[in-house]
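Peer 1: Take a look at this one; I'll ask things after.
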Amino acid sequence: MDPIESAGAGLSAGGDVFFILMGAILVFAMHSGFAFLEVGTVRHKNQVNALVKILADFAISTIAYFFVGYAVAYGVDFLVSAAELNGATEGSEYGPQGLSLVKFFFLLTFAAAIPAIISGGIAERARFWPQAMATAIIVGLVYPFFEGLVWNDNLGMQDMLEETFGAPFHDFAGSIVVHAVGGWLAFGAVLMLGRRNGRYTKEGKLVGFPPSSIPWLALGSWLLCMGWFGFNVMSAQSLESVSGLVALNSLLAMAGGIIASLVVGRNDPGFIHNGALAGLVAVCAGSDLMHPLGSLVVGAVAGALFVVMFEACQRRFKIDDVLGVWPLHGLCGLWGGIAAGIFGLTELGGLGGVSFLSQLVGSFAGVVYAGIAGFAVYGLLKAVVGIRLSAEEEHRGADLSIHQIGANPETEVSPGR
Amino acid sequence: MDPIESAGAGLSAGGDVFFILMGAILVFAMHSGFAFLEVGTVRHKNQVNALVKILADFAISTIAYFFVGYAVAYGVDFLVSAAELNGATEGSEYGPQGLSLVKFFFLLTFAAAIPAIISGGIAERARFWPQAMATAIIVGLVYPFFEGLVWNDNLGMQDMLEETFGAPFHDFAGSIVVHAVGGWLAFGAVLMLGRRNGRYTKEGKLVGFPPSSIPWLALGSWLLCMGWFGFNVMSAQSLESVSGLVALNSLLAMAGGIIASLVVGRNDPGFIHNGALAGLVAVCAGSDLMHPLGSLVVGAVAGALFVVMFEACQRRFKIDDVLGVWPLHGLCGLWGGIAAGIFGLTELGGLGGVSFLSQLVGSFAGVVYAGIAGFAVYGLLKAVVGIRLSAEEEHRGADLSIHQIGANPETEVSPGR
Amino acid sequence: MDPIESAGAGLSAGGDVFFILMGAILVFAMHSGFAFLEVGTVRHKNQVNALVKILADFAISTIAYFFVGYAVAYGVDFLVSAAELNGATEGSEYGPQGLSLVKFFFLLTFAAAIPAIISGGIAERARFWPQAMATAIIVGLVYPFFEGLVWNDNLGMQDMLEETFGAPFHDFAGSIVVHAVGGWLAFGAVLMLGRRNGRYTKEGKLVGFPPSSIPWLALGSWLLCMGWFGFNVMSAQSLESVSGLVALNSLLAMAGGIIASLVVGRNDPGFIHNGALAGLVAVCAGSDLMHPLGSLVVGAVAGALFVVMFEACQRRFKIDDVLGVWPLHGLCGLWGGIAAGIFGLTELGGLGGVSFLSQLVGSFAGVVYAGIAGFAVYGLLKAVVGIRLSAEEEHRGADLSIHQIGANPETEVSPGR
């Protein structure tokens, strides 16, 4: 390289490192959003557990994805010298200035979202260490296997879809790969775990377990919304391919989700704060190719879908999914994967290059895979180590039972320590 | 374009998209700051309403600005194909890589600040849907009309000022366009709405309505401060014109506002956390051309001005502006618009290119326009649909009256649901 | 310069301004993290004081570093015209587009971390204005003197170390310069101030003062973690030298800190949320040259070290360091400074270019310097103006005693105002 080219490359790599890093930080911030959304939604006696679980799961995910998962998805490992990792040695296969390393960081924050999604469904009654094991298995193996199929063209699934339907399965920022997979894994986990004690009367009537704090719930939602723009826009993974359309589409889908959930949810604060997220879940897949008006519709449908299906879960299906992560991530994610095949079409103002049938097949592939995996992983753990707190522990609350301290220790009886 | 130029353009556009996107995310984060500042300042029975109002207003603002407001201000609409929007078609008038679309996102976060400012003034007693209507009218028409006069040279106002006084009206990041306009719109809204019941005794003595939570108030202030650096610095709207001076000036104005409000406000937590904001409001207009020492003075004056005028509002004028948004945004914004014409002068170490008289005229134009518009919009809504909760609803609190749920439902009686 | 070069320079400077600005904003956000970590850890009657102290200290630090400290460390002052500051005049020594000014902002956020660290140690019993004076002295003189020795090669310390041991003292992002210095200054402050009343029985037995709120504590920790990626990665201070390795190392050290503190701290929420910080404190120094596996070990050791030493402080040494800032920043920082000399070696997969002995000498130089300075500054203030609240004020709480208002005024008796 002559000096000028080298300088150019340096600048460009530096810009990309910066760009992807900011994406990683933003999605990392979303994890605090998951934590506080759960803190506000659960009962007071389970707030500490929500916080510790999310933070611990993030760390366990980091280890599992670093040592196993990233190799499963992308065939890349990190067991060479720091100089080679940083792209500074002759013939290094890693990008200059540690570009490959921030990509890992960015993609890890996606992978770690899976246990964070599940966490909200199994809240208030799950044992701690079995859930930590599930996190390791899921982030190390289950998630990256499907991730690699879609995002790294592993095993020829994408080629097959392209040959059959004219376009590969398109999931720009993970409506299916992250959200639907997370939501459907949670579906299995929630059913294997069973309902919280006292959640339904003997006659099967729902008993209200009201959220502990709307402000904490709202803070969680805001942190998720903020970080989501990194989740979506930085999925481009380089400045050369960044697209402002992704940002605008995310914005309009969020607005659609807010307004629809406000109206359908009749001004309920829990619904509107989750409705924003519903719109964002659904827009991920097609955010790079839909028209903003299409995104508005996709988000609005998702906001309404969340409210209706959350209520149906609680009242009709009697599924005790505490934060409603199956309707939110599982169903709105599924809708998003399919919607990319509709609103991405040029006929509807989109950029095109998608096939409705590829979207349908790819979306259901993710849902079926994750649904089965959820039952398998949690079923196995249930059989081998047990996944549920004892009735007495659950009654005392996960905070005192697992962490020996409550959320506001100064004003609470704090036994033990 | 030959390939190299095209690559260069691509990189540069990508950098600008990234830059403006981060600005938009930071100002979007400020909206959560508005929400939590209000949560902490109002009484507990109105916390949920603060949260839902800010989030809903943001979504409504998005729709109003997307479909109407942006066209009013800049003559740009989005009713062409996604490919053209993204600047990817031949002859597209939109910037490459969706540059025009992130600009919209960035400017929307400014527009949506207007109802968020008003929200703090009218808290605890306003009806929900009439306020939603006001948001749509203001963000769709009232704000963008003035925005376009100043920032898009619409109708020749800037030319006239330049011819008359030697320089156009300079408002780099919106001390007048955003803050004074928001604050003076709120002034009308607060007066049309009237004081909260019980706020003054029959003899006209102030009754203390103490804030519910200083930590939430402080979180709101911190989120606003963080985002403000995006509000100001990213107002450059391209990497080529970004200026570190804007960041340093914002920093020093904030420090000045903190210290002055700490001293004048005698260590009061509400004053110091709003004092930081006062400094930041005032520095917006001239942050790109004042000397850091000038900014320190401008911020300190604003911090003191806020404390004095907040007290005067409550005690002397008996204006029941709950968060003090008129002194904060209306008066400190006005001061900032004028101060840019003083501390921006080269004689005072500034970059020059401003005229004191243009600043005076432009600033008062904004104030008068918004003052009249505030009375008009809220007066109209008051006459036609009614803008205030009934006495009984107000007594119960906006949370239970409008949202059927309180901020901490687990520990509260939650009627209905 | 011909136009093209000029354009190129502009782009590059703009990119660096943006990069460093985002670092500054992220580290600025960490200050809110310090505030909320303290809010959650102290008793309820001292929450307001925590908030006001951190915000006021940040403003005072800004003034002290702007007028004095930055000149002490780097020989740069800001008393020239805004045009020259912005690099826009012929022969200006300041970087183009205000590059030098965002560097100041970035480094200020480091300097201001020192009083924020100390604040957590002296909580619940320190007088307000004497602490403000200590902040001014420390950020104006004490910190920048050592900062200049290490980061600006002042007084030849680095040359001497390089000649003696083959490499200068390496502290990429401040394990020693910021964290150990802050922690050891706090050590002196805590001892000069003495223990909180009632913290130990007459027989010397520890009395539990449980934290007021785990959610606020956790929010503080999350904000610190998020901002830390800016603290570390943006320490490169230009896009040309940014390195993704720094991000990955920070991530793995954090994960190591979380897991070790979770296990050693037996699921305690306070330990795990501080354990993440312990890992991040320790990785700063060598984050640019260690292998990710080395960083994982460094972080895990720090997480365990924090838990063990926090307990030892409280129970064995009977040092009443409220947030444990001496073990966290002082000891984990010291470990990080030394560890860079071990895990940075090429033999352990690192990038090399460090000397173990230089690290040892440099690290202990920082610790000894700050230890002495802490006793000197707080000893002087204690002798001259007094640094501690009266027993009655302490009993009432710093909130009512200093700020005349509690954290939740609506539900508390609020005397005076």
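Order determines the names: the first chain of the structure tokens is A, the second B, and so forth; residues in each chain are numbered 1 upward, and ligands are numbered 1 upward as they are shown.
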Quick one: residues within 10 Å of Phe231 in chain C, only C-alpha atoms counted, chain neighbours fewer than 3 positions away excluded, as a ChimeraX atom specification?
Peer 2: /C:22-28,30,106-107,109-110,173-174,224-228,234-236,280,284
Peer 1: Emit the selected residues as a short mmCIF file (atom, residue, chain, number, x, y, z; two decimals), in the first residue's frame, including C-alpha atoms.
Peer 2:
```cif
data_model
loop_
_atom_site.label_atom_id
_atom_site.label_comp_id
_atom_site.auth_asym_id
_atom_site.auth_seq_id
_atom_site.Cartn_x
_atom_site.Cartn_y
_atom_site.Cartn_z
CA MET C 22 -19.01 10.83 22.04
CA GLY C 23 -16.34 9.70 24.49
CA ALA C 24 -16.88 12.84 26.55
CA ILE C 25 -20.66 12.36 26.55
CA LEU C 26 -20.28 8.74 27.59
CA VAL C 27 -17.95 9.57 30.47
CA PHE C 28 -20.19 12.50 31.42
CA MET C 30 -20.83 7.96 34.07
CA PHE C 106 -13.05 14.49 27.39
CA LEU C 107 -10.17 14.82 29.85
CA THR C 109 -14.75 14.11 32.54
CA PHE C 110 -11.82 11.99 33.76
CA ALA C 173 -7.19 4.72 30.22
CA GLY C 174 -6.36 5.44 33.82
CA LEU C 224 -21.11 3.52 34.73
CA CYS C 225 -20.69 0.35 32.67
CA MET C 226 -22.17 1.92 29.54
CA GLY C 227 -20.05 5.02 29.80
CA TRP C 228 -16.95 2.98 30.52
CA MET C 234 -12.08 6.95 23.28
CA SER C 235 -8.86 7.20 25.26
CA ALA C 236 -7.28 6.59 21.84
CA LEU C 280 -13.60 -2.30 34.35
CA CYS C 284 -8.20 0.40 31.96
#
```
Peer 1: Would you mind listing, for every residue of chain A within 8 Å of chain B, the two atoms forming the shortest contact and the distance between them in Å to one decimal, using only C-alpha atoms, sorted by chain and ascending residue number, as a Markdown table?
Peer 2:
```
| residue | atom | partner | partner_atom | distance |
| --- | --- | --- | --- | --- |
| A:Ser12 | CA | B:Leu11 | CA | 7.7 |
| A:Gly15 | CA | B:Gly15 | CA | 7.7 |
| A:Phe19 | CA | B:Phe18 | CA | 7.2 |
| A:Arg43 | CA | B:Glu410 | CA | 6.8 |
| A:His44 | CA | B:Glu410 | CA | 7.8 |
| A:Phe209 | CA | B:Glu410 | CA | 7.2 |
| A:Pro210 | CA | B:Glu410 | CA | 4.9 |
| A:Pro211 | CA | B:Glu410 | CA | 5.7 |
| A:Ser212 | CA | B:Glu410 | CA | 4.9 |
| A:Ser213 | CA | B:Asn408 | CA | 4.5 |
| A:Ile214 | CA | B:Ala407 | CA | 5.0 |
| A:Pro215 | CA | B:Ala407 | CA | 6.7 |
| A:Ala218 | CA | B:Leu51 | CA | 7.2 |
| A:Leu219 | CA | B:Ser32 | CA | 7.7 |
| A:Trp222 | CA | B:Ser32 | CA | 6.4 |
| A:Met226 | CA | B:Ile25 | CA | 6.3 |
| A:Phe229 | CA | B:Ile25 | CA | 7.2 |
| A:Leu239 | CA | B:Gly14 | CA | 4.8 |
| A:Glu240 | CA | B:Leu11 | CA | 5.6 |
| A:Ser241 | CA | B:Gly14 | CA | 7.3 |
| A:Val242 | CA | B:Gly14 | CA | 5.9 |
| A:Ser243 | CA | B:Gln97 | CA | 4.8 |
| A:Gly244 | CA | B:Gly98 | CA | 3.9 |
| A:Leu245 | CA | B:Gly98 | CA | 5.2 |
| A:Ala247 | CA | B:Val102 | CA | 6.6 |
| A:Leu248 | CA | B:Leu101 | CA | 6.1 |
| A:Leu251 | CA | B:Phe105 | CA | 7.7 |
| A:Leu252 | CA | B:Thr62 | CA | 7.3 |
| A:Met254 | CA | B:Ala59 | CA | 7.7 |
| A:Ala255 | CA | B:Ala59 | CA | 4.4 |
| A:Gly256 | CA | B:Ala59 | CA | 7.4 |
| A:Ile258 | CA | B:Ala59 | CA | 6.4 |
| A:Ile259 | CA | B:Ala59 | CA | 6.7 |
| A:Leu262 | CA | B:Ala56 | CA | 7.6 |
| A:Arg266 | CA | B:His403 | CA | 7.7 |
| A:Asn267 | CA | B:His403 | CA | 5.3 |
| A:Asp268 | CA | B:His403 | CA | 5.4 |
| A:Pro269 | CA | B:Val52 | CA | 6.0 |
| A:Ile272 | CA | B:Val52 | CA | 7.3 |
| A:His273 | CA | B:Leu55 | CA | 7.9 |
| A:Leu289 | CA | B:Ala82 | CA | 7.1 |
| A:Met290 | CA | B:Ala82 | CA | 6.7 |
| A:His291 | CA | B:Ala82 | CA | 4.9 |
| A:Pro292 | CA | B:Ala82 | CA | 7.5 |
| A:Thr346 | CA | B:Ser81 | CA | 8.0 |
| A:Gly349 | CA | B:Ser81 | CA | 4.7 |
| A:Gly350 | CA | B:Ala82 | CA | 5.3 |
| A:Leu351 | CA | B:Ala83 | CA | 5.7 |
```
Peer 1: Which residues are near range 318-333 of chain A? Cut-off 6 Å, only C-alpha atoms, ignore same chain within fewer than 4 positions. Put them as a list in words.
Peer 2: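 Selected residues are Gly120, Gly121, Ser175, Ile176, His179, Ala180, Gly183, Trp184, Phe187, Arg195, Ala278, Val281, Ala282, Ala302, Phe306, Met309, Phe310, Cys313 and Gln314 of chain A.
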Peer 1: Can you work out the spacing between CA of Leu345 in chain B and CA of Gly362 in chain B in Å, to one decimal?
Peer 2: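 That distance, rounded to one decimal, is 16.7 Å.
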Peer 1: Hey, what's within 6 Å of Gly303 in chain C if we count only C-alpha atoms and toss same-chain stuff fewer than 6 positions away? As a ChimeraX atom specification, please?
Peer 2: /C:257,260-261,275,278-279
Peer 1: Based on the backbone DSSP call, show me all residues of range 148-316 of chain C assigned alpha helix (DSSP H), as a PyMOL selection string.
Peer 2: chain C and resi 148-151+157-165+181-193+214-233+244-264+269-283+292-311
Peer 1: Between CA of Ser92 in chain C and CA of Ser295 in chain B, what is the distance, to one decimal in Å?
Peer 2: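 Spanning CA of Ser92 in chain C to CA of Ser295 in chain B is a straight-line distance of 21.2 Å.
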Peer 1: Skipping near chain neighbours, those fewer than 4 positions away, what residues fall within 9 Å of Val368 in chain C using only C-alpha atoms, listed as a ChimeraX atom specification?
Peer 2: /C:181,184,363-364,372-373
Peer 1: I need the chosen residues saved as a PDB file, in the first residue's frame, with N, CA, C and O atoms.
Peer 2:
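So the final result, stored in result.pdb, reads:
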```pdb
ATOM      1  N   VAL C 181      -5.667   6.787  41.896  1.00  0.00           N
ATOM      2  CA  VAL C 181      -5.495   8.116  42.500  1.00  0.00           C
ATOM      3  C   VAL C 181      -6.779   8.533  43.227  1.00  0.00           C
ATOM      4  O   VAL C 181      -6.743   8.982  44.375  1.00  0.00           O
ATOM      5  N   TRP C 184      -7.262   6.267  46.416  1.00  0.00           N
ATOM      6  CA  TRP C 184      -6.336   6.518  47.523  1.00  0.00           C
ATOM      7  C   TRP C 184      -6.497   7.918  48.104  1.00  0.00           C
ATOM      8  O   TRP C 184      -6.229   8.125  49.289  1.00  0.00           O
ATOM      9  N   SER C 363       2.734   2.442  39.251  1.00  0.00           N
ATOM     10  CA  SER C 363       1.506   2.201  39.999  1.00  0.00           C
ATOM     11  C   SER C 363       1.665   2.631  41.451  1.00  0.00           C
ATOM     12  O   SER C 363       0.799   3.328  42.005  1.00  0.00           O
ATOM     13  N   PHE C 364       2.767   2.217  42.052  1.00  0.00           N
ATOM     14  CA  PHE C 364       2.955   2.585  43.454  1.00  0.00           C
ATOM     15  C   PHE C 364       3.227   4.073  43.619  1.00  0.00           C
ATOM     16  O   PHE C 364       2.866   4.672  44.631  1.00  0.00           O
ATOM     17  N   ILE C 372      -0.793  10.211  50.239  1.00  0.00           N
ATOM     18  CA  ILE C 372      -0.286  11.362  50.995  1.00  0.00           C
ATOM     19  C   ILE C 372      -1.155  12.591  50.755  1.00  0.00           C
ATOM     20  O   ILE C 372      -1.551  13.299  51.691  1.00  0.00           O
ATOM     21  N   ALA C 373      -1.476  12.830  49.483  1.00  0.00           N
ATOM     22  CA  ALA C 373      -2.266  14.020  49.147  1.00  0.00           C
ATOM     23  C   ALA C 373      -3.630  13.989  49.822  1.00  0.00           C
ATOM     24  O   ALA C 373      -4.150  15.022  50.260  1.00  0.00           O
TER      25      ALA C 373
END
```
Peer 1: Hey, can you check how far CA of Asn197 in chain B sits from CA of Glu392 in chain B?
Peer 2: 10.1 Å
Peer 1: Using only C-alpha atoms, which protein or nucleic acid residues come within 9 Å of Tyr143 in chain C? Drop anything in the same chain fewer than 2 positions from it, and give the result as a ChimeraX atom specification.
Peer 2: /C:69,73,111,114,137-141,145-148,177-178,181-182,370
Peer 1: For the residues selected in the previous step, produce a file with N, CA and C atoms as a short mmCIF file (atom, residue, chain, number, x, y, z; two decimals), in the first residue's frame.
Peer 2:
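To be explicit, this is the file written out as again33.cif:
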```cif
data_model
loop_
_atom_site.label_atom_id
_atom_site.label_comp_id
_atom_site.auth_asym_id
_atom_site.auth_seq_id
_atom_site.Cartn_x
_atom_site.Cartn_y
_atom_site.Cartn_z
N GLY C 69 -6.28 23.46 36.22
CA GLY C 69 -5.81 22.09 36.10
C GLY C 69 -5.25 21.71 34.75
N ALA C 73 -1.50 20.23 33.84
CA ALA C 73 -1.22 18.94 33.22
C ALA C 73 -0.61 19.07 31.83
N ALA C 111 -11.04 13.93 34.98
CA ALA C 111 -10.62 14.67 36.18
C ALA C 111 -11.75 14.75 37.19
N ILE C 114 -12.57 12.07 39.88
CA ILE C 114 -11.88 11.97 41.17
C ILE C 114 -12.80 12.37 42.33
N ILE C 137 -9.40 22.02 44.89
CA ILE C 137 -7.95 21.81 45.08
C ILE C 137 -7.49 20.56 44.33
N ILE C 138 -8.24 19.50 44.45
CA ILE C 138 -7.83 18.23 43.86
C ILE C 138 -7.88 18.27 42.33
N VAL C 139 -8.97 18.81 41.78
CA VAL C 139 -9.09 18.83 40.32
C VAL C 139 -8.24 19.94 39.71
N GLY C 140 -7.98 21.00 40.49
CA GLY C 140 -7.14 22.08 39.98
C GLY C 140 -5.66 21.76 40.06
N LEU C 141 -5.25 21.03 41.10
CA LEU C 141 -3.82 20.85 41.32
C LEU C 141 -3.39 19.39 41.50
N PHE C 145 -1.38 17.34 38.36
CA PHE C 145 0.07 17.21 38.51
C PHE C 145 0.51 15.80 38.15
N PHE C 146 -0.17 14.80 38.72
CA PHE C 146 0.20 13.41 38.42
C PHE C 146 -0.20 13.03 37.00
N GLU C 147 -1.35 13.50 36.58
CA GLU C 147 -1.79 13.26 35.20
C GLU C 147 -0.73 13.71 34.20
N GLY C 148 -0.19 14.91 34.42
CA GLY C 148 0.83 15.45 33.52
C GLY C 148 2.11 14.62 33.52
N VAL C 177 -3.95 6.50 36.99
CA VAL C 177 -4.08 7.96 36.94
C VAL C 177 -5.43 8.43 37.46
N VAL C 178 -6.48 7.71 37.10
CA VAL C 178 -7.81 8.11 37.57
C VAL C 178 -8.25 7.29 38.78
N VAL C 181 -5.67 6.79 41.90
CA VAL C 181 -5.50 8.12 42.50
C VAL C 181 -6.78 8.53 43.23
N GLY C 182 -7.91 8.33 42.59
CA GLY C 182 -9.18 8.67 43.23
C GLY C 182 -9.40 7.84 44.49
N ALA C 370 -1.11 9.80 45.90
CA ALA C 370 -2.51 10.11 46.21
C ALA C 370 -2.81 9.86 47.69
#
```
Peer 1: Residues near range 155-172 of chain B, anyone? I mean within 8 Å using only C-alpha atoms, not counting same-chain ones fewer than 5 positions away, as a PyMOL selection string.
Peer 2: chain B and resi 149-150+177+232+235+284-288+337+340+353-355+357-359+361-362
